[in-house]
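Written below as structure tokens is the structure these notes are about.
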Amino acid sequence: MLEVRREAHAKVNLFLRVLGRREDGYHDIESLIVPLSLHDTVVCREAGGLSLNVEGSDPSLPSDSGNLALVAALALSERAGVLKGADIDLVKRIPVAAGLGGGSADAAAVLVALNELWKCGLSEEALMEVGADVGSDVPAILADRPVLVSGRGERLRAVGVPGLHWVIVPSALQVRTPDAFSWWDEDGCSSGPDPGWFVEALASGDLASVRDGFSNDLEVPVFARYPELEEVKRLLLDHGALGAIMCGSGPTMAGVFTDPDAAAGASRDIGESIVAISRGAA
């Protein structure tokens with residue numbers, strides 16, 4: 001085997017509940033994460049050394065050990081005890097630093113591709129353990145299906161979610177994930193309500209009742225500092241979105257639609273947006 005190609009799918013959080021700061025500096029969360037059709041492409045080829053080539057992306061994205069794709073490759077090599085190399089080509093389509101899990105998706109795709117290329121033989125569970133050390137979102141993205149996550153993001157439970165259409169609205173604003181969580185602490189924000197009813201309604205396909213379930217506890221502190229993001233949320237709702245939510249720690253906003261034509265029309269009207277669909281729908 002000389003080459004392995006994998007898609008690295010973006011994610012969206014249907015809800016994100018922050019439960020509090022942990023002693024290790026992270027926060028305990030609850031979230032429902034769904035993979036999207038929007039994806040980067042990872043190609044791994046046999047080579048004597050380990051290198052990363054990044055194309056089609058923000059030129060500020062690193063191609064060294066600051067990139068999670070390379071971090072994942074090194075972590076897999078150490079875990080599996082494999083002393084092999086690879087040339088990794090990464091074609092970016094997912095907006096960078098957008099809350100869509102692009103870096104984590106790239107890391108997950110590299111883990112899967114190199115596990116096959118290097119014949120490591122690690123199970124999905126073992127890959128998720130490696131992924132959890134690389135980034136909090138990596139295990140959920142490795143699952144490649146809708147999952148409820150808890151803890152720091154390492155505890156997963158598969159759930160049923162109907163097919164949904166998304167209008168993704170990126171932003172040029174910069175919101176670092178550590179900053180968003182720090183603001184939640186500083187502002188004395190509270191955790192949102194128990195989302196159990198929302199998960200059950202989605203699993204049953206009762207979309208008429210879930211409008212108010214799309215929620216993100218980080219919106220309060222982020223919107224306080226960037227009110228223009230709240231305006232984008234209102235714009236999506238005004239264009240017929242069933243719900244709208246900030247993706248992860250932002251700054252991307254996402255509107256959910258049940259009808260593909262409505263999603264396409266909203267995207268045309270809003271402009272500077274991406275249409276995507278949920279993967280792994282029940």
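Chain labels follow the order of the structure tokens: the first chain is A, the next B, and so on; residue numbering restarts at 1 in every chain, and ligands are counted from 1 in their shown order.
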
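Of the residues in stretch 82-126 of chain A, those given strand (DSSP E or B) by DSSP on the backbone are Gly85, Ala86, Asp87, Ile88, Asp89, Leu90 and Val91 of chain A.
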
Hey, could you make a per-residue contact list for stretch 56-127 of chain A against stretch 154-175 of chain A with 9 Å as the cut-off, showing the nearest pair of atoms and its distance in Å to one decimal, counting only C-alpha atoms, sorted by chain and number, as a Markdown table?
| residue | atom | partner | partner_atom | distance |
| --- | --- | --- | --- | --- |
| A:Pro95 | CA | A:Pro170 | CA | 7.1 |
| A:Ala97 | CA | A:Gln174 | CA | 7.4 |
| A:Ala98 | CA | A:Pro170 | CA | 6.7 |
| A:Gly99 | CA | A:Val175 | CA | 8.7 |

Limited to N, CA and C atoms, could you put the picked residues into a file as a short mmCIF file (atom, residue, chain, number, x, y, z; two decimals), in the first residue's frame?
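Result saved to out_0.cif:
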data_model
loop_
_atom_site.label_atom_id
_atom_site.label_comp_id
_atom_site.auth_asym_id
_atom_site.auth_seq_id
_atom_site.Cartn_x
_atom_site.Cartn_y
_atom_site.Cartn_z
N PRO A 95 -13.31 26.26 6.79
CA PRO A 95 -12.71 27.51 7.28
C PRO A 95 -11.86 27.26 8.52
N ALA A 97 -10.00 28.01 12.11
CA ALA A 97 -10.30 28.67 13.39
C ALA A 97 -11.73 29.19 13.40
N ALA A 98 -12.66 28.32 12.98
CA ALA A 98 -14.04 28.75 12.78
C ALA A 98 -15.03 28.11 13.75
N GLY A 99 -14.57 27.17 14.59
CA GLY A 99 -15.50 26.45 15.46
C GLY A 99 -16.13 25.26 14.79
#

Within 12 Å of A:Trp197, counting only C-alpha atoms, which residues show up once you throw out same-chain ones fewer than 2 positions away? Write them as JSON, numbers by chain, please.
-> {"A": [193, 194, 195, 199, 200, 201, 202, 203, 204, 206, 207, 209, 210, 211, 212, 213, 214]}

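In terms of minimum interatomic distance to A:Ser249, A:Leu16 ranks closest within A:Gly25, A:Met128, A:Ala263, A:Leu16, counting only C-alpha atoms.
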
Could you give me, as a list of chain:residue names, the residues within 12 Å of A:Gly192, counting only C-alpha atoms and dropping anything in the same chain fewer than 6 positions from it?
->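 So, after excluding close chain neighbours, the residues are A:Phe15, A:Leu16, A:Arg17, A:Val18, A:Leu19, A:Gly20, A:Ile29, A:Glu30, A:Ser31, A:Asp212, A:Gly213, A:Phe214, A:Ser215, A:Asn216, A:Asp217, A:Leu218, A:Glu219, A:Val220.
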
Compare A:Gly81, A:Pro260, A:Pro251, A:Pro139 by their minimum atom-to-atom distance to A:Glu124, counting only C-alpha atoms, and give me the closest one.
->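 With only C-alpha atoms as the atom set, the closest residue is A:Pro139.
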
Atom CA of A:Ile88 to atom CA of A:Val42, distance in Å rounded to a single decimal |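 One can read the atom CA of A:Ile88 to atom CA of A:Val42 distance as 6.9 Å.
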
All residues 12 Å or closer to stretch 112-123 of chain A, only C-alpha atoms, same chain fewer than 3 positions away omitted, as a ChimeraX atom specification | /A:1-8,41-47,50,69-70,72-89,105-109,126-131,138-139,141-144

Separation of atom CA of A:Ala180 and atom CA of A:Gly248, in Å?
->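 These atoms are spaced 9.5 Å apart.
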
Which residues are near A:Ala276? Cut-off 12 Å, only C-alpha atoms, ignore same chain within fewer than 2 positions. Put them as a PDB file with N, CA and C atoms, in the first residue's frame.
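So the final result, stored in selection.pdb, reads:
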ATOM      1  N   HIS A   9     -14.154  15.457   7.885  1.00  0.00           N
ATOM      2  CA  HIS A   9     -15.442  16.158   7.894  1.00  0.00           C
ATOM      3  C   HIS A   9     -15.562  17.162   9.045  1.00  0.00           C
ATOM      4  N   ALA A  10     -16.081  18.342   8.696  1.00  0.00           N
ATOM      5  CA  ALA A  10     -16.383  19.354   9.696  1.00  0.00           C
ATOM      6  C   ALA A  10     -17.501  18.856  10.607  1.00  0.00           C
ATOM      7  N   LYS A  11     -17.674  19.548  11.724  1.00  0.00           N
ATOM      8  CA  LYS A  11     -18.744  19.185  12.656  1.00  0.00           C
ATOM      9  C   LYS A  11     -19.529  20.435  13.028  1.00  0.00           C
ATOM     10  N   VAL A  12     -20.719  20.199  13.529  1.00  0.00           N
ATOM     11  CA  VAL A  12     -21.510  21.274  14.121  1.00  0.00           C
ATOM     12  C   VAL A  12     -22.063  20.759  15.441  1.00  0.00           C
ATOM     13  N   VAL A  34     -22.541  16.607  15.369  1.00  0.00           N
ATOM     14  CA  VAL A  34     -22.977  15.954  14.125  1.00  0.00           C
ATOM     15  C   VAL A  34     -21.961  16.279  13.028  1.00  0.00           C
ATOM     16  N   PRO A  35     -21.473  15.262  12.291  1.00  0.00           N
ATOM     17  CA  PRO A  35     -20.564  15.543  11.175  1.00  0.00           C
ATOM     18  C   PRO A  35     -21.316  16.112   9.978  1.00  0.00           C
ATOM     19  N   LEU A  36     -20.609  16.921   9.192  1.00  0.00           N
ATOM     20  CA  LEU A  36     -21.194  17.575   8.028  1.00  0.00           C
ATOM     21  C   LEU A  36     -20.544  17.074   6.743  1.00  0.00           C
ATOM     22  N   SER A  37     -21.222  17.341   5.634  1.00  0.00           N
ATOM     23  CA  SER A  37     -20.666  16.965   4.334  1.00  0.00           C
ATOM     24  C   SER A  37     -19.448  17.809   3.982  1.00  0.00           C
ATOM     25  N   LEU A  38     -19.340  19.022   4.508  1.00  0.00           N
ATOM     26  CA  LEU A  38     -18.185  19.880   4.281  1.00  0.00           C
ATOM     27  C   LEU A  38     -16.929  19.188   4.798  1.00  0.00           C
ATOM     28  N   HIS A  39     -15.895  19.097   3.966  1.00  0.00           N
ATOM     29  CA  HIS A  39     -14.729  18.332   4.393  1.00  0.00           C
ATOM     30  C   HIS A  39     -13.437  18.813   3.746  1.00  0.00           C
ATOM     31  N   ILE A  94     -12.534  23.456   4.863  1.00  0.00           N
ATOM     32  CA  ILE A  94     -13.190  23.913   6.084  1.00  0.00           C
ATOM     33  C   ILE A  94     -12.527  25.218   6.522  1.00  0.00           C
ATOM     34  N   LEU A 100     -15.642  24.909  13.599  1.00  0.00           N
ATOM     35  CA  LEU A 100     -16.190  23.788  12.832  1.00  0.00           C
ATOM     36  C   LEU A 100     -15.355  22.522  12.989  1.00  0.00           C
ATOM     37  N   GLY A 163     -31.980  13.748   9.101  1.00  0.00           N
ATOM     38  CA  GLY A 163     -31.213  14.503   8.128  1.00  0.00           C
ATOM     39  C   GLY A 163     -31.542  15.988   8.187  1.00  0.00           C
ATOM     40  N   LEU A 164     -30.526  16.822   8.207  1.00  0.00           N
ATOM     41  CA  LEU A 164     -30.708  18.262   8.306  1.00  0.00           C
ATOM     42  C   LEU A 164     -29.815  18.966   7.284  1.00  0.00           C
ATOM     43  N   HIS A 165     -30.256  20.133   6.865  1.00  0.00           N
ATOM     44  CA  HIS A 165     -29.504  20.953   5.924  1.00  0.00           C
ATOM     45  C   HIS A 165     -29.028  22.208   6.654  1.00  0.00           C
ATOM     46  N   TRP A 166     -27.794  22.605   6.373  1.00  0.00           N
ATOM     47  CA  TRP A 166     -27.166  23.683   7.113  1.00  0.00           C
ATOM     48  C   TRP A 166     -26.690  24.800   6.200  1.00  0.00           C
ATOM     49  N   VAL A 167     -26.850  26.017   6.669  1.00  0.00           N
ATOM     50  CA  VAL A 167     -26.220  27.177   6.035  1.00  0.00           C
ATOM     51  C   VAL A 167     -25.166  27.676   7.010  1.00  0.00           C
ATOM     52  N   ILE A 168     -23.904  27.562   6.611  1.00  0.00           N
ATOM     53  CA  ILE A 168     -22.771  27.906   7.447  1.00  0.00           C
ATOM     54  C   ILE A 168     -22.284  29.301   7.058  1.00  0.00           C
ATOM     55  N   VAL A 169     -22.219  30.202   8.034  1.00  0.00           N
ATOM     56  CA  VAL A 169     -21.797  31.581   7.762  1.00  0.00           C
ATOM     57  C   VAL A 169     -20.494  31.856   8.527  1.00  0.00           C
ATOM     58  N   ALA A 254     -24.349  28.972  12.285  1.00  0.00           N
ATOM     59  CA  ALA A 254     -24.960  27.953  11.432  1.00  0.00           C
ATOM     60  C   ALA A 254     -26.470  27.963  11.612  1.00  0.00           C
ATOM     61  N   GLY A 255     -27.188  27.927  10.502  1.00  0.00           N
ATOM     62  CA  GLY A 255     -28.641  27.824  10.532  1.00  0.00           C
ATOM     63  C   GLY A 255     -29.055  26.463  10.020  1.00  0.00           C
ATOM     64  N   VAL A 256     -30.036  25.846  10.678  1.00  0.00           N
ATOM     65  CA  VAL A 256     -30.483  24.506  10.306  1.00  0.00           C
ATOM     66  C   VAL A 256     -31.826  24.589   9.598  1.00  0.00           C
ATOM     67  N   PHE A 257     -31.934  23.832   8.510  1.00  0.00           N
ATOM     68  CA  PHE A 257     -33.138  23.819   7.683  1.00  0.00           C
ATOM     69  C   PHE A 257     -33.546  22.367   7.442  1.00  0.00           C
ATOM     70  N   THR A 258     -34.835  22.144   7.267  1.00  0.00           N
ATOM     71  CA  THR A 258     -35.308  20.803   6.930  1.00  0.00           C
ATOM     72  C   THR A 258     -35.496  20.633   5.430  1.00  0.00           C
ATOM     73  N   ASP A 259     -35.510  21.737   4.708  1.00  0.00           N
ATOM     74  CA  ASP A 259     -35.750  21.699   3.260  1.00  0.00           C
ATOM     75  C   ASP A 259     -34.510  22.187   2.519  1.00  0.00           C
ATOM     76  N   PRO A 260     -33.974  21.406   1.587  1.00  0.00           N
ATOM     77  CA  PRO A 260     -32.744  21.819   0.887  1.00  0.00           C
ATOM     78  C   PRO A 260     -32.928  23.075   0.052  1.00  0.00           C
ATOM     79  N   ALA A 263     -32.721  26.063   2.315  1.00  0.00           N
ATOM     80  CA  ALA A 263     -31.336  26.303   2.708  1.00  0.00           C
ATOM     81  C   ALA A 263     -30.568  26.991   1.580  1.00  0.00           C
ATOM     82  N   ALA A 264     -30.753  26.495   0.358  1.00  0.00           N
ATOM     83  CA  ALA A 264     -30.056  27.085  -0.787  1.00  0.00           C
ATOM     84  C   ALA A 264     -30.485  28.533  -1.002  1.00  0.00           C
ATOM     85  N   SER A 267     -28.935  30.756   1.671  1.00  0.00           N
ATOM     86  CA  SER A 267     -27.512  30.945   1.403  1.00  0.00           C
ATOM     87  C   SER A 267     -27.297  31.984   0.302  1.00  0.00           C
ATOM     88  N   SER A 273     -21.569  32.298   2.342  1.00  0.00           N
ATOM     89  CA  SER A 273     -21.983  31.188   3.194  1.00  0.00           C
ATOM     90  C   SER A 273     -21.770  29.865   2.468  1.00  0.00           C
ATOM     91  N   ILE A 274     -21.883  28.781   3.224  1.00  0.00           N
ATOM     92  CA  ILE A 274     -21.648  27.427   2.706  1.00  0.00           C
ATOM     93  C   ILE A 274     -22.867  26.576   3.042  1.00  0.00           C
ATOM     94  N   SER A 278     -26.092  17.165   7.064  1.00  0.00           N
ATOM     95  CA  SER A 278     -25.630  16.289   8.140  1.00  0.00           C
ATOM     96  C   SER A 278     -25.259  14.920   7.590  1.00  0.00           C
ATOM     97  N   ARG A 279     -24.244  14.297   8.183  1.00  0.00           N
ATOM     98  CA  ARG A 279     -23.871  12.930   7.869  1.00  0.00           C
ATOM     99  C   ARG A 279     -24.337  11.995   8.989  1.00  0.00           C
TER     100      ARG A 279
END

Within 10 Å of A:Pro62 using only C-alpha atoms, minus same-chain residues under 5 positions, as a list in words |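 Result of the neighbour search: Leu52, Asn53, Val54, Asn67, Leu68 and Leu70 of chain A.
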
Which one of A:Leu229, A:Val91, A:Leu235, A:Val149 sits closest to A:Ala266 if you count only C-alpha atoms?
->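 Checking each candidate against A:Ala266, we get A:Leu235 as the closest.
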
Report the residues of stretch 25-247 of chain A whose backbone DSSP state falls under helix (DSSP H, G or I), written as a ChimeraX atom specification.
-> /A:68-80,102-117,124-134,138-143,177-186,196-204,207-209,211-213,219-225,227-238

May I have the residues from that selection written out with C-alpha atoms, as a compact mmCIF listing (two decimals), in the first residue's frame?
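Output file selection.txt follows:
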# COMPACT_ATOMS: atom_id res chain seq x y z
CA LEU A 68 -2.90 18.99 14.58
CA ALA A 69 -2.47 16.73 11.55
CA LEU A 70 1.23 16.36 12.32
CA VAL A 71 0.58 16.15 16.05
CA ALA A 72 -1.76 13.22 15.34
CA ALA A 73 0.81 11.46 13.15
CA LEU A 74 3.47 11.72 15.85
CA ALA A 75 1.04 10.58 18.56
CA LEU A 76 0.05 7.52 16.52
CA SER A 77 3.67 6.62 15.83
CA GLU A 78 4.45 6.75 19.55
CA ARG A 79 1.34 4.81 20.61
CA ALA A 80 1.79 2.07 18.00
CA GLY A 102 -11.39 21.59 10.98
CA GLY A 103 -8.09 20.96 12.75
CA SER A 104 -9.57 18.10 14.75
CA ALA A 105 -11.10 16.63 11.59
CA ASP A 106 -7.71 16.69 9.87
CA ALA A 107 -6.14 14.99 12.89
CA ALA A 108 -8.84 12.31 12.91
CA ALA A 109 -8.42 11.62 9.18
CA VAL A 110 -4.64 11.35 9.59
CA LEU A 111 -5.05 8.86 12.45
CA VAL A 112 -7.34 6.66 10.35
CA ALA A 113 -5.21 6.93 7.20
CA LEU A 114 -1.87 6.25 8.88
CA ASN A 115 -3.31 3.44 10.98
CA GLU A 116 -4.06 1.77 7.65
CA LEU A 117 -0.91 2.88 5.77
CA GLU A 124 -11.42 2.49 16.80
CA GLU A 125 -11.39 2.67 20.60
CA ALA A 126 -7.59 2.85 20.67
CA LEU A 127 -7.57 5.54 17.97
CA MET A 128 -10.04 7.56 20.05
CA GLU A 129 -7.70 7.32 23.03
CA VAL A 130 -4.88 8.68 20.90
CA GLY A 131 -7.21 11.34 19.48
CA ALA A 132 -8.28 12.53 22.94
CA ASP A 133 -4.66 13.43 23.65
CA VAL A 134 -4.45 15.37 20.39
CA VAL A 138 -11.02 14.46 17.83
CA PRO A 139 -12.82 11.42 19.39
CA ALA A 140 -16.25 12.72 18.37
CA ILE A 141 -15.09 13.40 14.82
CA LEU A 142 -13.46 9.96 14.63
CA ALA A 143 -16.89 8.48 15.40
CA THR A 177 -11.40 28.58 22.18
CA PRO A 178 -9.55 29.16 25.50
CA ASP A 179 -10.71 32.78 25.46
CA ALA A 180 -14.37 31.86 24.95
CA PHE A 181 -14.32 29.48 27.91
CA SER A 182 -12.41 32.02 30.03
CA TRP A 183 -15.04 34.65 29.25
CA TRP A 184 -17.74 32.19 30.34
CA ASP A 185 -15.94 31.95 33.69
CA GLU A 186 -15.24 35.68 33.99
CA GLY A 196 -32.63 15.54 27.38
CA TRP A 197 -35.97 16.54 25.85
CA PHE A 198 -34.17 17.94 22.80
CA VAL A 199 -32.20 14.74 22.22
CA GLU A 200 -35.36 12.63 22.53
CA ALA A 201 -37.31 14.88 20.15
CA LEU A 202 -34.54 14.68 17.54
CA ALA A 203 -34.31 10.91 17.87
CA SER A 204 -38.07 10.60 17.30
CA LEU A 207 -38.62 18.55 14.40
CA ALA A 208 -41.63 20.78 15.04
CA SER A 209 -40.75 20.98 18.74
CA ARG A 211 -36.63 25.06 17.58
CA ASP A 212 -35.61 26.22 21.07
CA GLY A 213 -33.22 23.32 21.64
CA GLU A 219 -22.90 32.46 22.88
CA VAL A 220 -23.59 34.69 25.90
CA PRO A 221 -19.96 35.73 26.55
CA VAL A 222 -18.97 35.73 22.87
CA PHE A 223 -21.98 37.79 21.75
CA ALA A 224 -21.26 40.26 24.57
CA ARG A 225 -17.92 40.96 22.92
CA PRO A 227 -22.63 41.55 18.96
CA GLU A 228 -22.38 41.33 15.17
CA LEU A 229 -22.43 37.54 15.51
CA GLU A 230 -25.83 37.72 17.19
CA GLU A 231 -27.02 39.73 14.20
CA VAL A 232 -25.97 36.88 11.91
CA LYS A 233 -27.98 34.48 14.06
CA ARG A 234 -31.06 36.70 13.71
CA LEU A 235 -30.46 36.90 9.96
CA LEU A 236 -30.49 33.10 9.65
CA LEU A 237 -33.71 32.87 11.66
CA ASP A 238 -35.29 35.64 9.56
